[in-house]
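Listing of query.csv, CSV, C-alpha atoms
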```csv
chain,number,residue,atom,x,y,z
V,1,MET,CA,-7.1,-29.9,8.9
V,2,VAL,CA,-6.7,-28.7,12.5
V,3,THR,CA,-4.2,-26.4,14.1
V,4,PRO,CA,-4.6,-25.3,17.7
V,5,LYS,CA,-6.8,-22.4,16.6
V,6,ASN,CA,-8.1,-24.0,13.4
V,7,ILE,CA,-6.1,-21.6,11.3
V,8,ILE,CA,-3.9,-22.2,8.3
V,9,ARG,CA,-1.4,-19.6,7.1
V,10,LEU,CA,0.1,-19.8,3.6
V,11,VAL,CA,2.6,-17.8,1.7
V,12,LEU,CA,2.8,-18.2,-2.0
V,13,SER,CA,5.9,-16.6,-3.6
V,14,GLY,CA,7.6,-16.4,-7.0
V,15,SER,CA,8.3,-13.9,-9.7
V,16,GLY,CA,5.8,-11.5,-11.3
V,17,GLY,CA,4.8,-13.5,-14.3
V,18,GLN,CA,4.1,-16.8,-12.6
V,19,GLY,CA,0.6,-16.1,-11.6
V,20,VAL,CA,1.1,-16.4,-7.9
V,21,ILE,CA,-1.5,-13.8,-7.0
V,22,THR,CA,-4.1,-15.3,-9.2
V,23,ALA,CA,-3.5,-18.7,-7.5
V,24,ALA,CA,-3.8,-17.0,-4.1
V,25,VAL,CA,-7.1,-15.4,-5.0
V,26,ILE,CA,-8.4,-18.8,-6.2
V,27,ILE,CA,-7.4,-20.7,-3.1
V,28,ALA,CA,-8.9,-18.1,-0.8
V,29,GLU,CA,-12.2,-18.1,-2.8
V,30,ALA,CA,-12.3,-21.9,-2.8
V,31,ALA,CA,-11.9,-21.9,1.0
V,32,ALA,CA,-14.4,-19.1,1.7
V,33,LEU,CA,-17.1,-19.5,-1.0
V,34,TYR,CA,-17.1,-23.3,-1.3
V,35,SER,CA,-15.7,-24.7,2.0
V,36,GLY,CA,-17.5,-22.6,4.6
V,37,LYS,CA,-14.3,-21.0,6.0
V,38,ASN,CA,-13.3,-17.4,6.5
V,39,ALA,CA,-10.3,-16.3,4.4
V,40,THR,CA,-8.1,-13.3,3.8
V,41,GLN,CA,-5.6,-12.8,1.0
V,42,THR,CA,-3.1,-10.0,0.9
V,43,GLN,CA,-0.3,-8.7,-1.2
V,44,SER,CA,2.3,-6.2,0.0
V,45,TYR,CA,4.4,-4.4,-2.5
V,46,GLY,CA,7.4,-2.3,-1.5
V,47,ALA,CA,11.1,-2.2,-2.2
V,48,ALA,CA,11.3,-6.0,-2.0
V,49,ALA,CA,8.6,-6.4,-4.6
V,50,ARG,CA,10.4,-4.0,-7.0
V,51,GLY,CA,13.4,-6.2,-6.5
V,52,GLY,CA,11.6,-9.1,-8.1
V,53,ALA,CA,9.9,-11.5,-5.5
V,54,THR,CA,6.1,-11.5,-5.5
V,55,ARG,CA,4.5,-12.8,-2.4
V,56,SER,CA,0.9,-13.3,-1.4
V,57,ASP,CA,-0.3,-14.2,2.1
V,58,ILE,CA,-3.4,-16.3,2.7
V,59,ILE,CA,-5.1,-17.1,6.0
V,60,ILE,CA,-7.9,-19.7,6.2
V,61,SER,CA,-9.8,-20.1,9.4
V,62,ASP,CA,-13.0,-21.3,11.0
V,63,HIS,CA,-13.1,-18.1,12.9
V,64,ASN,CA,-12.8,-14.4,12.2
V,65,ILE,CA,-9.3,-13.3,11.2
V,66,ASP,CA,-7.9,-10.3,13.0
V,67,TYR,CA,-4.8,-9.5,11.0
V,68,PRO,CA,-4.4,-10.7,7.4
V,69,GLY,CA,-0.6,-10.7,7.2
V,70,VAL,CA,1.3,-14.0,7.7
V,71,ILE,CA,4.4,-14.0,10.0
V,72,GLN,CA,5.1,-17.7,10.1
V,73,PRO,CA,3.4,-19.8,7.4
V,74,ASN,CA,2.3,-23.4,7.9
V,75,ILE,CA,2.7,-23.8,4.2
V,76,LEU,CA,5.2,-21.9,2.0
V,77,VAL,CA,5.4,-22.2,-1.8
V,78,THR,CA,8.5,-20.8,-3.5
V,79,LEU,CA,8.6,-20.8,-7.3
V,80,THR,CA,11.9,-19.1,-7.8
V,81,GLN,CA,15.4,-19.2,-6.1
V,82,ASN,CA,15.0,-15.6,-5.2
V,83,ALA,CA,11.7,-16.3,-3.4
V,84,TYR,CA,13.2,-19.4,-1.7
V,85,ASN,CA,16.2,-17.5,-0.5
V,86,SER,CA,14.0,-14.6,0.8
V,87,PHE,CA,11.3,-16.6,2.6
V,88,ALA,CA,12.5,-20.1,3.5
V,89,SER,CA,13.5,-18.9,6.9
V,90,ILE,CA,10.0,-17.8,7.9
V,91,ILE,CA,8.4,-21.2,7.7
V,92,ARG,CA,6.7,-22.5,10.9
V,93,PRO,CA,8.6,-25.4,12.4
V,94,GLY,CA,7.0,-28.6,11.1
V,95,GLY,CA,5.4,-26.9,8.2
V,96,LEU,CA,5.5,-27.7,4.5
V,97,LEU,CA,7.7,-26.1,1.9
V,98,LEU,CA,6.8,-26.7,-1.7
V,99,SER,CA,9.1,-25.6,-4.5
V,100,ASP,CA,9.7,-26.5,-8.1
V,101,SER,CA,12.7,-28.7,-9.0
V,102,LYS,CA,13.4,-26.7,-12.2
V,103,PHE,CA,13.7,-23.3,-10.5
V,104,VAL,CA,14.8,-23.9,-7.0
V,105,ASP,CA,17.9,-25.5,-5.4
V,106,THR,CA,16.6,-26.2,-1.9
V,107,GLN,CA,20.0,-26.3,-0.2
V,108,VAL,CA,19.3,-24.1,2.7
V,109,LYS,CA,18.0,-26.2,5.6
V,110,ALA,CA,14.6,-25.5,7.1
V,111,ASP,CA,12.8,-27.2,10.0
V,112,ALA,CA,10.0,-28.3,7.7
V,113,ARG,CA,9.1,-30.9,5.1
V,114,ILE,CA,10.7,-29.8,1.9
V,115,LEU,CA,9.1,-31.0,-1.4
V,116,SER,CA,10.7,-30.1,-4.6
V,117,LEU,CA,8.5,-31.3,-7.5
V,118,PRO,CA,8.7,-31.0,-11.3
V,119,MET,CA,5.5,-29.0,-11.7
V,120,TYR,CA,6.8,-26.7,-14.5
V,121,GLU,CA,8.3,-29.6,-16.4
V,122,MET,CA,5.0,-31.5,-16.2
V,123,VAL,CA,3.0,-28.6,-17.5
V,124,MET,CA,5.3,-28.0,-20.4
V,125,ASP,CA,5.5,-31.7,-21.3
V,126,GLU,CA,1.8,-32.4,-21.1
V,127,ILE,CA,0.2,-29.0,-22.0
V,128,GLY,CA,3.0,-26.8,-23.4
V,129,LYS,CA,1.5,-23.6,-22.0
V,130,PRO,CA,3.3,-21.9,-19.2
V,131,ILE,CA,0.2,-19.8,-18.5
V,132,VAL,CA,-1.4,-22.7,-16.5
V,133,TYR,CA,1.7,-23.4,-14.4
V,134,ASN,CA,0.2,-21.6,-11.4
V,135,ILE,CA,-3.0,-23.7,-11.7
V,136,CYS,CA,-0.9,-26.9,-11.7
V,137,MET,CA,0.9,-25.6,-8.6
V,138,LEU,CA,-2.4,-25.0,-7.0
V,139,GLY,CA,-3.5,-28.5,-7.7
V,140,THR,CA,-0.3,-29.9,-6.4
V,141,LEU,CA,-0.7,-27.9,-3.2
V,142,VAL,CA,-4.3,-29.2,-2.7
V,143,GLY,CA,-3.3,-32.7,-3.5
V,144,ILE,CA,-0.5,-32.7,-0.9
V,145,THR,CA,-2.4,-30.9,1.8
V,146,GLN,CA,-6.1,-31.4,1.2
V,147,LEU,CA,-6.3,-27.8,2.4
V,148,VAL,CA,-9.7,-27.6,0.7
V,149,ALA,CA,-11.6,-30.3,-1.2
V,150,PRO,CA,-10.2,-30.5,-4.7
V,151,ASP,CA,-13.6,-29.9,-6.1
V,152,ALA,CA,-13.9,-26.5,-4.4
V,153,VAL,CA,-11.1,-25.1,-6.6
V,154,VAL,CA,-12.7,-26.5,-9.7
V,155,LYS,CA,-15.9,-24.5,-8.8
V,156,VAL,CA,-13.8,-21.3,-8.6
V,157,LEU,CA,-12.0,-22.1,-11.9
V,158,LYS,CA,-15.4,-22.5,-13.6
V,159,GLU,CA,-16.5,-19.1,-12.4
V,160,ARG,CA,-13.3,-17.2,-13.1
V,161,ILE,CA,-11.7,-18.7,-16.2
V,162,PRO,CA,-13.1,-17.8,-19.7
V,163,LYS,CA,-14.7,-20.8,-21.3
V,164,SER,CA,-12.2,-21.2,-24.1
V,165,PHE,CA,-9.4,-21.6,-21.5
V,166,LEU,CA,-11.2,-23.7,-18.9
V,167,GLU,CA,-10.4,-27.2,-20.2
V,168,MET,CA,-6.7,-26.4,-20.2
V,169,ASN,CA,-6.9,-25.0,-16.7
V,170,GLU,CA,-8.8,-28.0,-15.4
V,171,LYS,CA,-6.3,-30.4,-17.0
V,172,ALA,CA,-3.4,-28.5,-15.4
V,173,TYR,CA,-5.2,-28.5,-12.0
V,174,SER,CA,-6.0,-32.2,-12.0
V,175,MET,CA,-2.5,-33.2,-13.1
V,176,GLY,CA,-1.3,-31.2,-10.1
V,177,VAL,CA,-3.7,-32.8,-7.7
V,178,SER,CA,-2.6,-36.3,-8.9
V,179,LEU,CA,1.1,-35.4,-8.4
V,180,GLY,CA,0.4,-33.9,-5.0
V,181,GLU,CA,-1.6,-36.8,-3.8
V,182,GLU,CA,1.5,-39.0,-4.1
V,183,TYR,CA,3.1,-36.8,-1.4
V,184,HIS,CA,0.1,-36.4,0.9
V,185,TYR,CA,1.3,-34.7,4.0
V,186,LYS,CA,-0.9,-33.8,7.0
V,187,THR,CA,0.8,-30.7,8.4
V,188,PHE,CA,-2.2,-29.1,10.1
L,189,MET,CA,-1.7,13.6,-3.5
L,190,VAL,CA,-1.0,14.3,0.1
L,191,THR,CA,-2.8,13.4,3.3
L,192,PRO,CA,-1.4,14.1,6.7
L,193,LYS,CA,0.6,10.9,6.6
L,194,ASN,CA,0.9,10.6,2.8
L,195,ILE,CA,-1.4,7.6,2.9
L,196,ILE,CA,-4.4,6.8,0.7
L,197,ARG,CA,-6.9,4.2,1.6
L,198,LEU,CA,-9.3,2.7,-1.0
L,199,VAL,CA,-12.1,0.2,-0.9
L,200,LEU,CA,-13.3,-1.2,-4.2
L,201,SER,CA,-16.6,-3.2,-3.9
L,202,GLY,CA,-19.1,-4.9,-6.2
L,203,SER,CA,-20.3,-8.4,-7.0
L,204,GLY,CA,-18.2,-11.4,-7.8
L,205,GLY,CA,-18.2,-11.2,-11.6
L,206,GLN,CA,-17.3,-7.6,-11.9
L,207,GLY,CA,-13.5,-7.9,-11.7
L,208,VAL,CA,-13.1,-5.8,-8.6
L,209,ILE,CA,-10.2,-7.9,-7.3
L,210,THR,CA,-8.3,-7.7,-10.6
L,211,ALA,CA,-8.8,-3.9,-10.7
L,212,ALA,CA,-7.4,-3.8,-7.1
L,213,VAL,CA,-4.4,-5.8,-8.0
L,214,ILE,CA,-3.7,-3.6,-11.0
L,215,ILE,CA,-3.9,-0.3,-9.1
L,216,ALA,CA,-1.7,-1.6,-6.3
L,217,GLU,CA,0.9,-2.8,-8.8
L,218,ALA,CA,0.8,0.5,-10.6
L,219,ALA,CA,1.4,2.4,-7.4
L,220,ALA,CA,4.2,0.1,-6.2
L,221,LEU,CA,6.0,-1.0,-9.3
L,222,TYR,CA,5.7,2.2,-11.4
L,223,SER,CA,5.1,5.0,-9.0
L,224,GLY,CA,7.7,4.3,-6.3
L,225,LYS,CA,5.1,3.9,-3.5
L,226,ASN,CA,4.5,1.1,-1.0
L,227,ALA,CA,1.1,-0.6,-1.4
L,228,THR,CA,-0.9,-3.4,0.1
L,229,GLN,CA,-4.0,-5.0,-1.3
L,230,THR,CA,-6.3,-7.3,0.6
L,231,GLN,CA,-9.5,-9.3,0.3
L,232,SER,CA,-11.4,-10.7,3.2
L,233,TYR,CA,-14.0,-13.4,2.6
L,234,GLY,CA,-16.5,-14.5,5.2
L,235,ALA,CA,-20.2,-14.7,5.7
L,236,ALA,CA,-20.6,-11.2,4.0
L,237,ALA,CA,-18.7,-12.4,0.9
L,238,ARG,CA,-20.9,-15.5,0.6
L,239,GLY,CA,-23.9,-13.1,0.7
L,240,GLY,CA,-22.7,-11.5,-2.5
L,241,ALA,CA,-20.6,-8.3,-1.9
L,242,THR,CA,-16.9,-8.6,-3.0
L,243,ARG,CA,-14.6,-6.0,-1.4
L,244,SER,CA,-10.9,-5.3,-1.8
L,245,ASP,CA,-8.9,-2.9,0.4
L,246,ILE,CA,-5.9,-1.1,-1.0
L,247,ILE,CA,-3.5,1.2,0.9
L,248,ILE,CA,-0.9,3.3,-1.0
L,249,SER,CA,1.7,5.1,1.0
L,250,ASP,CA,5.2,6.7,0.9
L,251,HIS,CA,6.0,4.8,4.1
L,252,ASN,CA,5.8,1.3,5.4
L,253,ILE,CA,2.2,0.1,5.9
L,254,ASP,CA,1.6,-1.5,9.3
L,255,TYR,CA,-1.9,-2.9,8.8
L,256,PRO,CA,-3.3,-3.7,5.4
L,257,GLY,CA,-7.0,-3.5,6.2
L,258,VAL,CA,-9.0,-0.2,5.6
L,259,ILE,CA,-11.3,1.1,8.2
L,260,GLN,CA,-12.3,4.4,6.7
L,261,PRO,CA,-11.4,4.8,3.0
L,262,ASN,CA,-10.6,8.2,1.3
L,263,ILE,CA,-11.9,6.6,-1.8
L,264,LEU,CA,-14.8,4.1,-2.0
L,265,VAL,CA,-16.0,2.5,-5.3
L,266,THR,CA,-19.4,0.7,-5.2
L,267,LEU,CA,-20.5,-1.1,-8.3
L,268,THR,CA,-23.7,-2.7,-7.0
L,269,GLN,CA,-26.5,-1.5,-4.8
L,270,ASN,CA,-25.6,-4.2,-2.3
L,271,ALA,CA,-22.1,-2.9,-2.1
L,272,TYR,CA,-23.3,0.7,-1.8
L,273,ASN,CA,-25.7,-0.2,1.0
L,274,SER,CA,-23.0,-2.2,2.8
L,275,PHE,CA,-20.1,0.2,2.6
L,276,ALA,CA,-21.3,3.8,2.0
L,277,SER,CA,-21.3,4.5,5.7
L,278,ILE,CA,-17.6,3.8,6.1
L,279,ILE,CA,-16.3,6.5,3.9
L,280,ARG,CA,-13.9,9.0,5.4
L,281,PRO,CA,-15.5,12.5,5.8
L,282,GLY,CA,-14.6,14.5,2.7
L,283,GLY,CA,-13.8,11.5,0.7
L,284,LEU,CA,-14.8,10.4,-2.8
L,285,LEU,CA,-17.6,7.9,-3.5
L,286,LEU,CA,-17.7,6.6,-7.1
L,287,SER,CA,-20.5,4.4,-8.3
L,288,ASP,CA,-22.2,3.4,-11.5
L,289,SER,CA,-25.4,5.1,-12.5
L,290,LYS,CA,-26.8,1.9,-14.0
L,291,PHE,CA,-26.4,-0.2,-10.9
L,292,VAL,CA,-26.6,2.1,-7.9
L,293,ASP,CA,-29.2,4.4,-6.6
L,294,THR,CA,-27.2,6.7,-4.3
L,295,GLN,CA,-30.0,7.9,-2.1
L,296,VAL,CA,-28.3,7.4,1.2
L,297,LYS,CA,-26.5,10.6,2.2
L,298,ALA,CA,-22.8,10.4,2.9
L,299,ASP,CA,-20.4,13.1,4.0
L,300,ALA,CA,-18.4,12.8,0.8
L,301,ARG,CA,-18.4,13.8,-2.8
L,302,ILE,CA,-20.7,11.2,-4.6
L,303,LEU,CA,-20.1,10.7,-8.3
L,304,SER,CA,-22.5,8.3,-10.1
L,305,LEU,CA,-21.2,7.9,-13.6
L,306,PRO,CA,-22.4,5.8,-16.6
L,307,MET,CA,-19.3,3.6,-16.8
L,308,TYR,CA,-21.1,0.3,-17.7
L,309,GLU,CA,-23.2,2.0,-20.3
L,310,MET,CA,-20.2,3.6,-21.9
L,311,VAL,CA,-18.3,0.2,-22.1
L,312,MET,CA,-21.3,-1.6,-23.6
L,313,ASP,CA,-22.0,1.2,-26.1
L,314,GLU,CA,-18.4,1.6,-27.2
L,315,ILE,CA,-16.9,-1.9,-26.8
L,316,GLY,CA,-19.8,-4.2,-26.1
L,317,LYS,CA,-17.7,-6.5,-23.8
L,318,PRO,CA,-18.6,-6.4,-20.1
L,319,ILE,CA,-15.3,-8.1,-19.3
L,320,VAL,CA,-13.4,-4.8,-19.6
L,321,TYR,CA,-15.9,-2.9,-17.3
L,322,ASN,CA,-13.5,-3.1,-14.4
L,323,ILE,CA,-10.7,-1.6,-16.4
L,324,CYS,CA,-12.9,1.3,-17.5
L,325,MET,CA,-13.8,1.8,-13.8
L,326,LEU,CA,-10.1,1.9,-13.0
L,327,GLY,CA,-9.5,4.5,-15.7
L,328,THR,CA,-12.3,6.6,-14.4
L,329,LEU,CA,-10.9,6.4,-10.9
L,330,VAL,CA,-7.5,7.4,-12.0
L,331,GLY,CA,-8.9,10.2,-14.2
L,332,ILE,CA,-10.9,11.7,-11.3
L,333,THR,CA,-8.2,11.3,-8.6
L,334,GLN,CA,-4.8,11.2,-10.3
L,335,LEU,CA,-4.1,8.6,-7.6
L,336,VAL,CA,-1.3,7.4,-9.9
L,337,ALA,CA,-0.1,8.6,-13.2
L,338,PRO,CA,-2.4,7.2,-15.9
L,339,ASP,CA,0.5,5.7,-17.7
L,340,ALA,CA,1.5,3.6,-14.6
L,341,VAL,CA,-1.6,1.6,-15.1
L,342,VAL,CA,-1.0,1.1,-18.8
L,343,LYS,CA,2.4,-0.4,-17.9
L,344,VAL,CA,0.7,-3.0,-15.6
L,345,LEU,CA,-1.9,-3.8,-18.3
L,346,LYS,CA,0.9,-4.5,-20.8
L,347,GLU,CA,2.4,-6.9,-18.3
L,348,ARG,CA,-0.7,-8.7,-17.2
L,349,ILE,CA,-3.1,-8.8,-20.1
L,350,PRO,CA,-2.7,-11.4,-22.9
L,351,LYS,CA,-1.8,-9.7,-26.2
L,352,SER,CA,-5.0,-10.5,-28.0
L,353,PHE,CA,-7.0,-8.7,-25.3
L,354,LEU,CA,-4.7,-5.7,-24.7
L,355,GLU,CA,-6.1,-3.3,-27.2
L,356,MET,CA,-9.6,-3.7,-25.9
L,357,ASN,CA,-8.4,-3.2,-22.3
L,358,GLU,CA,-6.4,-0.1,-23.2
L,359,LYS,CA,-9.4,1.4,-25.0
L,360,ALA,CA,-11.7,0.7,-22.0
L,361,TYR,CA,-9.0,2.2,-19.7
L,362,SER,CA,-8.5,5.4,-21.7
L,363,MET,CA,-12.2,6.0,-22.1
L,364,GLY,CA,-12.5,5.8,-18.4
L,365,VAL,CA,-9.6,8.2,-17.9
L,366,SER,CA,-11.3,10.7,-20.2
L,367,LEU,CA,-14.6,10.4,-18.4
L,368,GLY,CA,-12.9,10.7,-15.0
L,369,GLU,CA,-10.9,13.8,-16.0
L,370,GLU,CA,-14.1,15.7,-16.5
L,371,TYR,CA,-14.7,15.2,-12.8
L,372,HIS,CA,-11.2,15.8,-11.5
L,373,TYR,CA,-11.4,16.0,-7.7
L,374,LYS,CA,-8.5,16.5,-5.3
L,375,THR,CA,-9.5,14.5,-2.3
L,376,PHE,CA,-6.0,13.8,-0.8
```

Can I see the file as structure tokens?
Amino acid sequence: MVTPKNIIRLVLSGSGGQGVITAAVIIAEAAALYSGKNATQTQSYGAAARGGATRSDIIISDHNIDYPGVIQPNILVTLTQNAYNSFASIIRPGGLLLSDSKFVDTQVKADARILSLPMYEMVMDEIGKPIVYNICMLGTLVGITQLVAPDAVVKVLKERIPKSFLEMNEKAYSMGVSLGEEYHYKTF
Amino acid sequence: MVTPKNIIRLVLSGSGGQGVITAAVIIAEAAALYSGKNATQTQSYGAAARGGATRSDIIISDHNIDYPGVIQPNILVTLTQNAYNSFASIIRPGGLLLSDSKFVDTQVKADARILSLPMYEMVMDEIGKPIVYNICMLGTLVGITQLVAPDAVVKVLKERIPKSFLEMNEKAYSMGVSLGEEYHYKTF
């Protein structure tokens, strides 16, 4: 989990209803509150956001973070074709691009490892509730990258998710972790 | 709603469970998606966050926003004594400081209008569910400042809140707006 400056830059992107921002808040909290890191997490809304693509930037570092925006992410997640088309070009060379095989056709070439996984299909087959799709994505991301310890995210889920929804969220998360671990990739 | 550069800087602060970040996401979306503004919304987590105070920075502007962090907010909300003690000193001269009369003793002097209102008590008396406290605070803030049109926030609530919780959230919000309107204050 080391880059030259011990800093990891992520961009999560998709459409408004996919829970991208919630996923970003959870990963930043898992890093900062339960992994001893510093973290920032930012949304910028403007003309682009009104056009449909939601984007959240996260930086995780052992040191103080001067500027919370991300120019070139080590890790980019794109959950819609629109998000993929908008942001695939900004990925850092050698980085990881994760998208969903149901929503994104990853034809554009990028100097990165591209993983297109059936996260949405898995959630709908196993749980049937699209509301936990973002949590499954988060698990997949953690499984692939080991960005934070899988258990750190579980701690945040326990704090943030109402009791009656927790079991469903934990199931979606652990399914994602298992899927991601099959594609473990050390990008930083 | 005009500052020299048509830019409004807010800091919302409190403790982890109070829903400060959700409130920040909602106000930024209301400004950007339903009021034609640009907006950024940022959390920074580090040693201070682990000590207990949660803080989210929001910038709303007619123009592009270069740096999403807030140094001196026009509007500061502090929902705990810890948050008040940590952040009261950063308010912009002439700004607005909103806190809750149940949780914060506003003894420290600040060169700002300080409003200490019984938002928590009102939510508990009228609805009995602390989970909508943040939404009531958001209503109060909008009522006081007219930062965005009250209806812009309702549109975001309708998109973000599950149907079975929407009525409770709308009630908390409109109670807050009514309370805030009694203290209308043009700070920008």

- [ ] Identify all chain V residues at most 10 Å from chain L by counting all atoms listed in the file; ligands do not count. Present them as JSON, numbers by chain.
- [x] {"V": [16, 17, 19, 21, 22, 25, 28, 29, 31, 32, 33, 34, 36, 37, 38, 39, 40, 41, 42, 43, 44, 45, 46, 47, 48, 49, 50, 51, 52, 56, 57, 58, 59, 60, 61, 62, 63, 64, 65, 66, 67, 68, 69, 131, 159, 160, 162]}

- [ ] Within 9 Å of (-21.7, -3.9, -4.5) (coordinates as in the file), grab all the protein and nucleic acid residues, counting only C-alpha atoms, and write them out as a list in words.
- [x] Leu200, Ser201, Gly202, Ser203, Gly204, Gly240, Ala241, Thr242, Arg243, Val265, Thr266, Leu267, Thr268, Gln269, Asn270, Ala271, Tyr272, Asn273, Ser274, Phe275, Phe291 and Val292 of chain L

Open item on the list: I'd like the interatomic distance between CA of Leu335 (chain L) and CA of Glu355 (chain L), to a tenth of an Å.
Closed with: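 Separating CA of Leu335 (chain L) from CA of Glu355 (chain L) is a distance of 23.0 Å.
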
Task: Contact residues around Gly94 (chain V) with all atoms listed in the file at 8 Å, ignoring same-chain residues under 6 positions, as a list in words - done: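 Skipping anything fewer than 6 positions along the chain leaves Asn74, Asp111, Ala112, Arg113 and Thr187 of chain V.
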
Open item on the list: Report, in Å to a single decimal, how far apart CA of Leu329 (chain L) and CA of Lys351 (chain L) are.
Closed with: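 Distance between the two atoms: 24.0 Å.
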
Task: Distance in Å - CA of Arg197 (chain L) versus CA of Val258 (chain L) - done: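 One can read the CA of Arg197 (chain L) to CA of Val258 (chain L) distance as 6.3 Å.
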
- [ ] In the coordinate frame of the file, compute which residues have an atom within 9 Å of (-19.4, 1.5, -15.8) when using all atoms listed in the file, and state them as a PyMOL selection string.
- [x] chain L and resi 267+287-291+305-312+321-322+324-325+328+364

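For the choices V:Val142, V:Lys129, V:Ser35, V:Leu97, the atom-to-atom distance to Tyr173 (chain V) is smallest for V:Val142 when using only C-alpha atoms.
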
TODO: Just the residues within 10 Å of Ala110 (chain V), please, counting all atoms listed in the file, with nothing from its chain fewer than 3 positions along; format it as a ChimeraX atom specification.
DONE: /V:88-97,106-107,113-114

Generate the missing atoms of region 244-260 of chain L up to N, CA and C atoms and report them as a PDB file, in the frame of the given file.
```pdb
ATOM      1  N   SER L 244     -12.380  -5.270  -1.897  1.00  0.00           N
ATOM      2  CA  SER L 244     -10.900  -5.300  -1.800  1.00  0.00           C
ATOM      3  C   SER L 244     -10.418  -3.995  -1.236  1.00  0.00           C
ATOM      4  N   ASP L 245      -9.500  -4.084  -0.295  1.00  0.00           N
ATOM      5  CA  ASP L 245      -8.900  -2.900   0.400  1.00  0.00           C
ATOM      6  C   ASP L 245      -7.517  -2.661  -0.175  1.00  0.00           C
ATOM      7  N   ILE L 246      -7.219  -1.416  -0.464  1.00  0.00           N
ATOM      8  CA  ILE L 246      -5.900  -1.100  -1.000  1.00  0.00           C
ATOM      9  C   ILE L 246      -5.357   0.114  -0.162  1.00  0.00           C
ATOM     10  N   ILE L 247      -4.102   0.037   0.221  1.00  0.00           N
ATOM     11  CA  ILE L 247      -3.500   1.200   0.900  1.00  0.00           C
ATOM     12  C   ILE L 247      -2.216   1.523   0.041  1.00  0.00           C
ATOM     13  N   ILE L 248      -2.053   2.801  -0.217  1.00  0.00           N
ATOM     14  CA  ILE L 248      -0.900   3.300  -1.000  1.00  0.00           C
ATOM     15  C   ILE L 248      -0.222   4.356  -0.116  1.00  0.00           C
ATOM     16  N   SER L 249       1.066   4.217   0.076  1.00  0.00           N
ATOM     17  CA  SER L 249       1.700   5.100   1.000  1.00  0.00           C
ATOM     18  C   SER L 249       3.191   5.335   0.603  1.00  0.00           C
ATOM     19  N   ASP L 250       3.723   6.474   1.038  1.00  0.00           N
ATOM     20  CA  ASP L 250       5.200   6.700   0.900  1.00  0.00           C
ATOM     21  C   ASP L 250       5.961   5.942   1.912  1.00  0.00           C
ATOM     22  N   HIS L 251       5.302   5.482   2.951  1.00  0.00           N
ATOM     23  CA  HIS L 251       6.000   4.800   4.100  1.00  0.00           C
ATOM     24  C   HIS L 251       5.597   3.375   4.167  1.00  0.00           C
ATOM     25  N   ASN L 252       6.193   2.676   5.109  1.00  0.00           N
ATOM     26  CA  ASN L 252       5.800   1.300   5.400  1.00  0.00           C
ATOM     27  C   ASN L 252       4.322   1.292   5.851  1.00  0.00           C
ATOM     28  N   ILE L 253       3.638   0.208   5.555  1.00  0.00           N
ATOM     29  CA  ILE L 253       2.200   0.100   5.900  1.00  0.00           C
ATOM     30  C   ILE L 253       2.100  -0.986   6.978  1.00  0.00           C
ATOM     31  N   ASP L 254       1.598  -0.592   8.146  1.00  0.00           N
ATOM     32  CA  ASP L 254       1.600  -1.500   9.300  1.00  0.00           C
ATOM     33  C   ASP L 254       0.444  -2.544   9.163  1.00  0.00           C
ATOM     34  N   TYR L 255      -0.732  -2.060   8.824  1.00  0.00           N
ATOM     35  CA  TYR L 255      -1.900  -2.900   8.800  1.00  0.00           C
ATOM     36  C   TYR L 255      -2.640  -2.766   7.494  1.00  0.00           C
ATOM     37  N   PRO L 256      -2.804  -3.859   6.724  1.00  0.00           N
ATOM     38  CA  PRO L 256      -3.300  -3.700   5.400  1.00  0.00           C
ATOM     39  C   PRO L 256      -4.833  -3.540   5.226  1.00  0.00           C
ATOM     40  N   GLY L 257      -5.604  -3.667   6.301  1.00  0.00           N
ATOM     41  CA  GLY L 257      -7.000  -3.500   6.200  1.00  0.00           C
ATOM     42  C   GLY L 257      -7.411  -1.993   6.200  1.00  0.00           C
ATOM     43  N   VAL L 258      -8.526  -1.644   5.601  1.00  0.00           N
ATOM     44  CA  VAL L 258      -9.000  -0.200   5.600  1.00  0.00           C
ATOM     45  C   VAL L 258     -10.223  -0.107   6.454  1.00  0.00           C
ATOM     46  N   ILE L 259     -10.167   0.822   7.395  1.00  0.00           N
ATOM     47  CA  ILE L 259     -11.300   1.100   8.200  1.00  0.00           C
ATOM     48  C   ILE L 259     -12.196   2.177   7.560  1.00  0.00           C
ATOM     49  N   GLN L 260     -11.580   3.309   7.275  1.00  0.00           N
ATOM     50  CA  GLN L 260     -12.300   4.400   6.700  1.00  0.00           C
ATOM     51  C   GLN L 260     -11.580   4.827   5.369  1.00  0.00           C
TER      52      GLN L 260
END
```
